[in-house]
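Structure below is query_19.cif: mmCIF, N, CA and C atoms.
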data_upload
loop_
_atom_site.label_atom_id
_atom_site.label_comp_id
_atom_site.auth_asym_id
_atom_site.auth_seq_id
_atom_site.Cartn_x
_atom_site.Cartn_y
_atom_site.Cartn_z
N MET A 1 -7.51 31.99 33.28
CA MET A 1 -6.21 31.50 32.85
C MET A 1 -5.89 30.16 33.51
N LYS A 2 -6.30 30.01 34.78
CA LYS A 2 -6.03 28.77 35.49
C LYS A 2 -6.78 27.60 34.85
N GLU A 3 -8.00 27.89 34.33
CA GLU A 3 -8.77 26.83 33.68
C GLU A 3 -8.03 26.28 32.48
N LYS A 4 -7.41 27.17 31.69
CA LYS A 4 -6.68 26.72 30.51
C LYS A 4 -5.48 25.88 30.91
N LYS A 5 -4.78 26.29 31.94
CA LYS A 5 -3.61 25.53 32.38
C LYS A 5 -4.04 24.17 32.91
N SER A 6 -5.10 24.14 33.71
CA SER A 6 -5.53 22.86 34.26
C SER A 6 -6.09 21.96 33.16
N LEU A 7 -6.77 22.56 32.19
CA LEU A 7 -7.30 21.78 31.08
C LEU A 7 -6.15 21.21 30.24
N ALA A 8 -5.15 22.02 30.00
CA ALA A 8 -3.98 21.56 29.25
C ALA A 8 -3.24 20.47 30.01
N LYS A 9 -3.13 20.64 31.32
CA LYS A 9 -2.45 19.65 32.16
C LYS A 9 -3.25 18.34 32.16
N GLU A 10 -4.57 18.46 32.26
CA GLU A 10 -5.45 17.29 32.24
C GLU A 10 -5.31 16.54 30.92
N PHE A 11 -5.29 17.32 29.81
CA PHE A 11 -5.17 16.72 28.49
C PHE A 11 -3.83 16.00 28.36
N LYS A 12 -2.76 16.62 28.84
CA LYS A 12 -1.43 16.00 28.79
C LYS A 12 -1.42 14.69 29.57
N THR A 13 -2.03 14.69 30.74
CA THR A 13 -2.12 13.48 31.55
C THR A 13 -2.91 12.39 30.81
N PHE A 14 -4.02 12.80 30.19
CA PHE A 14 -4.85 11.86 29.45
C PHE A 14 -4.09 11.23 28.30
N ILE A 15 -3.38 12.06 27.53
CA ILE A 15 -2.65 11.57 26.37
C ILE A 15 -1.47 10.68 26.77
N SER A 16 -0.85 10.99 27.88
CA SER A 16 0.34 10.22 28.28
C SER A 16 0.01 8.90 28.95
N ARG A 17 -1.25 8.63 29.20
CA ARG A 17 -1.64 7.34 29.77
C ARG A 17 -1.35 6.23 28.78
N GLY A 18 -1.02 5.10 29.29
CA GLY A 18 -0.70 3.95 28.44
C GLY A 18 -1.88 3.48 27.62
N ASN A 19 -3.09 3.56 28.16
CA ASN A 19 -4.26 3.06 27.45
C ASN A 19 -4.48 3.79 26.13
N VAL A 20 -4.32 5.10 26.13
CA VAL A 20 -4.54 5.88 24.92
C VAL A 20 -3.49 5.53 23.88
N ILE A 21 -2.26 5.39 24.30
CA ILE A 21 -1.19 5.06 23.37
C ILE A 21 -1.39 3.64 22.83
N ASP A 22 -1.74 2.71 23.70
CA ASP A 22 -2.01 1.33 23.27
C ASP A 22 -3.15 1.29 22.25
N LEU A 23 -4.21 2.06 22.51
CA LEU A 23 -5.34 2.11 21.60
C LEU A 23 -4.91 2.67 20.25
N SER A 24 -4.10 3.72 20.27
CA SER A 24 -3.62 4.32 19.01
C SER A 24 -2.81 3.32 18.21
N VAL A 25 -1.92 2.62 18.87
CA VAL A 25 -1.10 1.62 18.19
C VAL A 25 -2.00 0.52 17.62
N GLY A 26 -2.99 0.10 18.39
CA GLY A 26 -3.92 -0.93 17.92
C GLY A 26 -4.68 -0.50 16.69
N ILE A 27 -5.11 0.74 16.65
CA ILE A 27 -5.85 1.24 15.49
C ILE A 27 -4.95 1.29 14.26
N ILE A 28 -3.73 1.74 14.43
CA ILE A 28 -2.79 1.82 13.31
C ILE A 28 -2.49 0.43 12.77
N ILE A 29 -2.20 -0.49 13.66
CA ILE A 29 -1.89 -1.86 13.22
C ILE A 29 -3.13 -2.51 12.61
N GLY A 30 -4.29 -2.23 13.19
CA GLY A 30 -5.54 -2.78 12.65
C GLY A 30 -5.82 -2.30 11.24
N SER A 31 -5.58 -1.03 10.97
CA SER A 31 -5.83 -0.53 9.61
C SER A 31 -4.82 -1.12 8.63
N ALA A 32 -3.58 -1.31 9.05
CA ALA A 32 -2.59 -1.96 8.18
C ALA A 32 -2.99 -3.41 7.93
N PHE A 33 -3.46 -4.08 8.96
CA PHE A 33 -3.90 -5.47 8.84
C PHE A 33 -5.09 -5.58 7.89
N THR A 34 -5.99 -4.60 7.92
CA THR A 34 -7.14 -4.58 7.02
C THR A 34 -6.67 -4.54 5.57
N GLY A 35 -5.65 -3.74 5.29
CA GLY A 35 -5.11 -3.68 3.93
C GLY A 35 -4.57 -5.03 3.48
N ILE A 36 -3.90 -5.72 4.39
CA ILE A 36 -3.35 -7.05 4.08
C ILE A 36 -4.48 -8.03 3.79
N VAL A 37 -5.51 -8.01 4.63
CA VAL A 37 -6.63 -8.93 4.45
C VAL A 37 -7.37 -8.63 3.15
N ASN A 38 -7.59 -7.34 2.86
CA ASN A 38 -8.26 -6.99 1.61
C ASN A 38 -7.48 -7.51 0.41
N SER A 39 -6.18 -7.35 0.43
CA SER A 39 -5.34 -7.85 -0.66
C SER A 39 -5.41 -9.37 -0.73
N LEU A 40 -5.32 -10.03 0.41
CA LEU A 40 -5.40 -11.49 0.45
C LEU A 40 -6.69 -11.99 -0.17
N VAL A 41 -7.80 -11.40 0.22
CA VAL A 41 -9.09 -11.85 -0.30
C VAL A 41 -9.24 -11.53 -1.78
N LYS A 42 -8.96 -10.28 -2.13
CA LYS A 42 -9.20 -9.82 -3.51
C LYS A 42 -8.24 -10.47 -4.51
N GLU A 43 -6.97 -10.63 -4.13
CA GLU A 43 -5.97 -11.05 -5.10
C GLU A 43 -5.51 -12.49 -4.96
N VAL A 44 -5.79 -13.13 -3.82
CA VAL A 44 -5.31 -14.50 -3.62
C VAL A 44 -6.46 -15.50 -3.49
N ILE A 45 -7.45 -15.19 -2.68
CA ILE A 45 -8.52 -16.16 -2.40
C ILE A 45 -9.61 -16.14 -3.46
N MET A 46 -10.08 -14.97 -3.84
CA MET A 46 -11.23 -14.89 -4.74
C MET A 46 -10.93 -15.36 -6.17
N PRO A 47 -9.77 -15.08 -6.76
CA PRO A 47 -9.55 -15.58 -8.13
C PRO A 47 -9.67 -17.10 -8.28
N PRO A 48 -9.06 -17.92 -7.39
CA PRO A 48 -9.26 -19.37 -7.55
C PRO A 48 -10.72 -19.79 -7.33
N ILE A 49 -11.39 -19.14 -6.39
CA ILE A 49 -12.81 -19.48 -6.16
C ILE A 49 -13.61 -19.13 -7.40
N GLY A 50 -13.35 -17.96 -7.99
CA GLY A 50 -14.03 -17.57 -9.22
C GLY A 50 -13.75 -18.52 -10.36
N LEU A 51 -12.52 -19.00 -10.45
CA LEU A 51 -12.14 -19.95 -11.50
C LEU A 51 -12.88 -21.27 -11.31
N ILE A 52 -12.96 -21.72 -10.07
CA ILE A 52 -13.62 -22.99 -9.77
C ILE A 52 -15.10 -22.95 -10.12
N ILE A 53 -15.77 -21.82 -9.85
CA ILE A 53 -17.22 -21.76 -10.09
C ILE A 53 -17.57 -21.23 -11.48
N GLY A 54 -16.57 -21.14 -12.35
CA GLY A 54 -16.90 -20.80 -13.74
C GLY A 54 -16.26 -19.54 -14.25
N LYS A 55 -15.02 -19.32 -13.92
CA LYS A 55 -14.26 -18.16 -14.41
C LYS A 55 -15.00 -16.85 -14.16
N VAL A 56 -15.40 -16.67 -12.91
CA VAL A 56 -16.14 -15.48 -12.50
C VAL A 56 -15.24 -14.58 -11.68
N ASN A 57 -15.24 -13.29 -11.98
CA ASN A 57 -14.55 -12.31 -11.14
C ASN A 57 -15.61 -11.75 -10.19
N PHE A 58 -15.46 -12.02 -8.90
CA PHE A 58 -16.47 -11.63 -7.93
C PHE A 58 -16.74 -10.13 -7.91
N ALA A 59 -15.70 -9.35 -8.17
CA ALA A 59 -15.88 -7.89 -8.16
C ALA A 59 -16.84 -7.44 -9.26
N ASP A 60 -16.98 -8.26 -10.32
CA ASP A 60 -17.87 -7.90 -11.43
C ASP A 60 -19.29 -8.42 -11.26
N LEU A 61 -19.55 -9.21 -10.24
CA LEU A 61 -20.89 -9.75 -10.04
C LEU A 61 -21.84 -8.62 -9.65
N LYS A 62 -22.94 -8.54 -10.37
CA LYS A 62 -23.89 -7.46 -10.10
C LYS A 62 -25.27 -7.85 -10.60
N PHE A 63 -26.24 -7.18 -10.06
CA PHE A 63 -27.62 -7.32 -10.49
C PHE A 63 -28.01 -5.98 -11.12
N VAL A 64 -28.17 -5.97 -12.42
CA VAL A 64 -28.43 -4.72 -13.15
C VAL A 64 -29.89 -4.34 -13.00
N LEU A 65 -30.13 -3.16 -12.44
CA LEU A 65 -31.49 -2.64 -12.31
C LEU A 65 -31.90 -1.89 -13.58
N GLN A 66 -30.93 -1.15 -14.13
CA GLN A 66 -31.19 -0.42 -15.37
C GLN A 66 -29.88 -0.39 -16.17
N PRO A 67 -29.90 -0.93 -17.38
CA PRO A 67 -28.67 -0.93 -18.16
C PRO A 67 -28.29 0.49 -18.60
N ALA A 68 -27.01 0.65 -18.94
CA ALA A 68 -26.56 1.95 -19.45
C ALA A 68 -27.28 2.23 -20.76
N SER A 69 -27.59 3.48 -20.99
CA SER A 69 -28.30 3.83 -22.22
C SER A 69 -27.96 5.26 -22.64
N ILE A 70 -28.39 5.59 -23.83
CA ILE A 70 -28.21 6.95 -24.34
C ILE A 70 -29.60 7.52 -24.56
N ASP A 71 -29.87 8.70 -23.98
CA ASP A 71 -31.20 9.29 -24.15
C ASP A 71 -31.28 10.00 -25.50
N ILE A 72 -32.41 10.62 -25.78
CA ILE A 72 -32.64 11.22 -27.10
C ILE A 72 -31.75 12.42 -27.38
N THR A 73 -31.20 13.02 -26.34
CA THR A 73 -30.29 14.16 -26.53
C THR A 73 -28.85 13.70 -26.71
N GLY A 74 -28.60 12.42 -26.60
CA GLY A 74 -27.25 11.90 -26.77
C GLY A 74 -26.47 11.78 -25.46
N LYS A 75 -27.14 12.09 -24.35
CA LYS A 75 -26.49 12.01 -23.05
C LYS A 75 -26.45 10.54 -22.61
N VAL A 76 -25.26 10.11 -22.12
CA VAL A 76 -25.09 8.73 -21.66
C VAL A 76 -25.66 8.62 -20.25
N MET A 77 -26.56 7.67 -20.07
CA MET A 77 -27.13 7.39 -18.76
C MET A 77 -26.41 6.16 -18.22
N PRO A 78 -25.71 6.31 -17.09
CA PRO A 78 -24.93 5.17 -16.58
C PRO A 78 -25.81 4.03 -16.09
N GLU A 79 -25.20 2.88 -16.04
CA GLU A 79 -25.88 1.68 -15.56
C GLU A 79 -26.18 1.83 -14.07
N VAL A 80 -27.32 1.31 -13.66
CA VAL A 80 -27.68 1.27 -12.24
C VAL A 80 -27.69 -0.21 -11.86
N ALA A 81 -26.81 -0.57 -10.90
CA ALA A 81 -26.67 -1.98 -10.55
C ALA A 81 -26.37 -2.15 -9.08
N ILE A 82 -26.78 -3.30 -8.56
CA ILE A 82 -26.43 -3.70 -7.19
C ILE A 82 -25.18 -4.57 -7.32
N MET A 83 -24.08 -4.11 -6.73
CA MET A 83 -22.79 -4.79 -6.85
C MET A 83 -22.63 -5.82 -5.72
N TYR A 84 -23.30 -6.94 -5.83
CA TYR A 84 -23.24 -7.92 -4.75
C TYR A 84 -21.92 -8.67 -4.70
N GLY A 85 -21.13 -8.65 -5.76
CA GLY A 85 -19.80 -9.27 -5.75
C GLY A 85 -18.89 -8.59 -4.75
N SER A 86 -18.95 -7.26 -4.72
CA SER A 86 -18.15 -6.50 -3.74
C SER A 86 -18.60 -6.84 -2.33
N LEU A 87 -19.89 -7.03 -2.15
CA LEU A 87 -20.40 -7.42 -0.83
C LEU A 87 -19.86 -8.79 -0.43
N LEU A 88 -19.82 -9.73 -1.36
CA LEU A 88 -19.27 -11.05 -1.06
C LEU A 88 -17.81 -10.95 -0.63
N GLN A 89 -17.03 -10.11 -1.34
CA GLN A 89 -15.63 -9.94 -0.97
C GLN A 89 -15.51 -9.31 0.42
N SER A 90 -16.36 -8.33 0.71
CA SER A 90 -16.32 -7.69 2.03
C SER A 90 -16.69 -8.67 3.13
N LEU A 91 -17.68 -9.52 2.86
CA LEU A 91 -18.06 -10.54 3.85
C LEU A 91 -16.92 -11.52 4.09
N LEU A 92 -16.23 -11.91 3.04
CA LEU A 92 -15.10 -12.81 3.19
C LEU A 92 -13.98 -12.13 3.97
N ASN A 93 -13.74 -10.84 3.67
CA ASN A 93 -12.75 -10.07 4.44
C ASN A 93 -13.10 -10.11 5.92
N PHE A 94 -14.36 -9.85 6.23
CA PHE A 94 -14.80 -9.83 7.62
C PHE A 94 -14.58 -11.19 8.27
N LEU A 95 -14.94 -12.26 7.58
CA LEU A 95 -14.78 -13.59 8.16
C LEU A 95 -13.31 -13.92 8.43
N ILE A 96 -12.43 -13.50 7.53
CA ILE A 96 -11.00 -13.75 7.75
C ILE A 96 -10.49 -12.96 8.94
N VAL A 97 -10.86 -11.68 9.01
CA VAL A 97 -10.43 -10.86 10.15
C VAL A 97 -10.98 -11.44 11.45
N ALA A 98 -12.25 -11.83 11.45
CA ALA A 98 -12.86 -12.41 12.66
C ALA A 98 -12.15 -13.69 13.05
N LEU A 99 -11.80 -14.53 12.07
CA LEU A 99 -11.09 -15.77 12.36
C LEU A 99 -9.71 -15.50 12.96
N VAL A 100 -9.00 -14.54 12.40
CA VAL A 100 -7.67 -14.22 12.92
C VAL A 100 -7.77 -13.66 14.34
N VAL A 101 -8.71 -12.75 14.57
CA VAL A 101 -8.88 -12.18 15.91
C VAL A 101 -9.27 -13.28 16.90
N PHE A 102 -10.19 -14.15 16.50
CA PHE A 102 -10.60 -15.27 17.36
C PHE A 102 -9.40 -16.14 17.71
N SER A 103 -8.57 -16.44 16.70
CA SER A 103 -7.38 -17.28 16.93
C SER A 103 -6.41 -16.60 17.89
N LEU A 104 -6.19 -15.29 17.70
CA LEU A 104 -5.30 -14.56 18.60
C LEU A 104 -5.81 -14.57 20.03
N VAL A 105 -7.10 -14.36 20.19
CA VAL A 105 -7.69 -14.35 21.54
C VAL A 105 -7.54 -15.72 22.18
N LYS A 106 -7.77 -16.79 21.41
CA LYS A 106 -7.61 -18.15 21.97
C LYS A 106 -6.17 -18.39 22.41
N VAL A 107 -5.21 -17.98 21.58
CA VAL A 107 -3.79 -18.17 21.93
C VAL A 107 -3.45 -17.38 23.19
N ILE A 108 -3.87 -16.14 23.23
CA ILE A 108 -3.58 -15.29 24.40
C ILE A 108 -4.22 -15.87 25.65
N ASN A 109 -5.48 -16.32 25.54
CA ASN A 109 -6.15 -16.92 26.70
C ASN A 109 -5.44 -18.18 27.17
N SER A 110 -4.98 -19.01 26.24
CA SER A 110 -4.29 -20.24 26.65
C SER A 110 -2.96 -19.91 27.32
N LEU A 111 -2.28 -18.88 26.84
CA LEU A 111 -1.03 -18.46 27.50
C LEU A 111 -1.30 -17.94 28.91
N GLN A 112 -2.38 -17.18 29.06
CA GLN A 112 -2.73 -16.66 30.39
C GLN A 112 -3.10 -17.80 31.33
N LYS A 113 -3.80 -18.82 30.82
CA LYS A 113 -4.16 -19.96 31.67
C LYS A 113 -2.91 -20.71 32.12
N LYS A 114 -1.94 -20.84 31.22
CA LYS A 114 -0.69 -21.51 31.59
C LYS A 114 0.04 -20.72 32.68
N GLU A 115 0.03 -19.39 32.56
CA GLU A 115 0.66 -18.56 33.58
C GLU A 115 -0.05 -18.72 34.92
N GLU A 116 -1.39 -18.74 34.89
CA GLU A 116 -2.16 -18.90 36.12
C GLU A 116 -1.86 -20.25 36.77
N LYS A 117 -1.76 -21.31 35.96
CA LYS A 117 -1.45 -22.63 36.50
C LYS A 117 -0.07 -22.64 37.14
N THR A 118 0.88 -21.98 36.49
CA THR A 118 2.24 -21.91 37.03
C THR A 118 2.24 -21.16 38.35
N GLU A 119 1.50 -20.04 38.40
CA GLU A 119 1.41 -19.26 39.63
C GLU A 119 0.78 -20.09 40.74
N LYS A 120 -0.28 -20.85 40.41
CA LYS A 120 -0.93 -21.70 41.42
C LYS A 120 0.04 -22.75 41.94
N LYS A 121 0.82 -23.34 41.05
CA LYS A 121 1.80 -24.34 41.47
C LYS A 121 2.83 -23.72 42.41
N GLU A 122 3.26 -22.49 42.07
CA GLU A 122 4.23 -21.81 42.92
C GLU A 122 3.62 -21.51 44.28
N LYS A 123 2.35 -21.09 44.31
CA LYS A 123 1.69 -20.80 45.58
C LYS A 123 1.55 -22.07 46.40
N VAL A 124 1.19 -23.15 45.76
CA VAL A 124 1.07 -24.42 46.47
C VAL A 124 2.43 -24.81 47.03
N THR A 125 3.47 -24.63 46.26
CA THR A 125 4.81 -24.96 46.71
C THR A 125 5.19 -24.09 47.90
N GLU A 126 4.92 -22.79 47.84
CA GLU A 126 5.23 -21.90 48.95
C GLU A 126 4.43 -22.30 50.18
N LEU A 127 3.16 -22.64 49.97
CA LEU A 127 2.30 -23.05 51.08
C LEU A 127 2.83 -24.33 51.71
N SER A 128 3.24 -25.28 50.90
CA SER A 128 3.75 -26.53 51.46
C SER A 128 5.06 -26.29 52.22
N VAL A 129 5.89 -25.37 51.75
CA VAL A 129 7.12 -25.04 52.46
C VAL A 129 6.78 -24.43 53.81
N LEU A 130 5.83 -23.52 53.82
CA LEU A 130 5.42 -22.89 55.09
C LEU A 130 4.85 -23.92 56.06
N LYS A 131 4.09 -24.87 55.54
CA LYS A 131 3.55 -25.93 56.40
C LYS A 131 4.67 -26.78 56.99
N GLU A 132 5.67 -27.09 56.19
CA GLU A 132 6.81 -27.88 56.67
C GLU A 132 7.57 -27.11 57.75
N ILE A 133 7.73 -25.80 57.55
CA ILE A 133 8.41 -24.98 58.56
C ILE A 133 7.61 -24.98 59.85
N SER A 134 6.29 -24.85 59.72
CA SER A 134 5.42 -24.86 60.90
C SER A 134 5.52 -26.19 61.64
N LYS A 135 5.51 -27.29 60.91
CA LYS A 135 5.64 -28.61 61.53
C LYS A 135 6.99 -28.74 62.23
N GLY A 136 8.04 -28.23 61.59
CA GLY A 136 9.37 -28.28 62.18
C GLY A 136 9.44 -27.49 63.48
N ILE A 137 8.80 -26.32 63.51
CA ILE A 137 8.78 -25.50 64.73
C ILE A 137 8.03 -26.23 65.83
N LYS A 138 6.90 -26.87 65.50
CA LYS A 138 6.12 -27.61 66.49
C LYS A 138 6.94 -28.77 67.05
N ARG A 139 7.69 -29.45 66.20
CA ARG A 139 8.55 -30.57 66.66
C ARG A 139 9.63 -30.05 67.63
N LEU A 140 10.22 -28.90 67.28
CA LEU A 140 11.24 -28.34 68.15
C LEU A 140 10.66 -27.97 69.51
N LYS A 141 9.46 -27.42 69.52
CA LYS A 141 8.82 -27.05 70.78
C LYS A 141 8.52 -28.28 71.59
N ASN A 142 8.05 -29.34 70.96
CA ASN A 142 7.73 -30.59 71.67
C ASN A 142 8.99 -31.23 72.26
N LYS A 143 10.11 -31.15 71.57
CA LYS A 143 11.37 -31.73 72.07
C LYS A 143 11.93 -30.90 73.23
N GLY A 144 11.79 -29.58 73.10
CA GLY A 144 12.39 -28.69 74.10
C GLY A 144 11.53 -28.52 75.28
#
Mind converting the file's structure to structure tokens?
Amino acid sequence: MKEKKSLAKEFKTFISRGNVIDLSVGIIIGSAFTGIVNSLVKEVIMPPIGLIIGKVNFADLKFVLQPASIDITGKVMPEVAIMYGSLLQSLLNFLIVALVVFSLVKVINSLQKKEEKTEKKEKVTELSVLKEISKGIKRLKNKG
């Protein structure tokens, strides 16, 4: 019985940690962001590109291995095709997500560098104040 209580307590501690909650929020926001990017690529970016290269819908681009046919019994045999247009859209989705993540990381890193520079300036300022106090104490000792 003690094992169950300690296991439950351990699990509660694990779940209540900030890292797990942060990760969960990140996954939820990431999946929502993926939907936005998919829509952006499929409905905003790809149609003009398709129009420019000859009124092509990228989702319809495919390499047909075997066309659809009807066999002698009248059964419809579906087309067998490699849908490379969908792959192109997925690659573009990936590139956009990677670009956005890269941009966010660069912005965050630059903000952190600015904070570090500010902290260094404050430390230098504190150090110079301490040096001035030390010099003042030495002057007082020399006079007295």
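Between CA of Glu126 in chain A and atom N of Leu111 in chain A the separation is 23.5 Å.
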Query raised in the report: Running DSSP on the backbone, which parts of chain A land in strand (DSSP E or B), as a VMD selection string?
Result: chain A and resid 63 to 66 69 to 70 76 to 77 80 to 82
Requested in this report: Translate the PyMOL selection byres (((chain A and resi 24-34 and name CA) around 12) and name CA), as applied to the file shown, into an explicit residue set as a list in words.
Outcome: Ile15, Ser16, Arg17, Gly18, Asn19, Val20, Ile21, Asp22, Leu23, Gly35, Ile36, Val37, Asn38, Ser39, Leu40, Val41, Lys42, Ser90, Asn93, Phe94, Leu95, Ile96, Val97, Ala98, Val100 and Val101 of chain A
Report task. Tell me which residues the PyMOL selection byres ((chain A and resi 63) around 6.5) grabs here, as a list in words. Result ->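 With the shown file as input, the PyMOL selection byres ((chain A and resi 63) around 6.5) matches Leu61, Lys62, Val64, Leu65, Gln66, Val80, Ala81, Ile82, Met83 and Tyr84 of chain A.
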Query raised in the report: Expressed in Å to a single decimal, how great is the separation between CA of Gln89 in chain A and atom C of Ala59 in chain A?
Result: 8.7 Å
Query raised in the report: Could you work out how far atom C of Leu99 in chain A lies from atom N of Glu43 in chain A, giving the answer in Å with one decimal?
Result: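 Atom C of Leu99 in chain A lies at a distance of 18.0 Å from atom N of Glu43 in chain A.
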Report task. Please return as a ChimeraX atom specification: the residues of range 11-137 of chain A that backbone DSSP assigns to helix (DSSP H, G or I). Result -> /A:11-16,18-52,58-60,84-137
Box centre and edge lengths (Å, one decimal), axis-aligned, range 24-34 of chain A plus 3 Å each side, as lines of an AutoDock Vina configuration file:
center_x = -4.1
center_y = -0.6
center_z = 12.9
size_x = 12.0
size_y = 15.9
size_z = 20.7
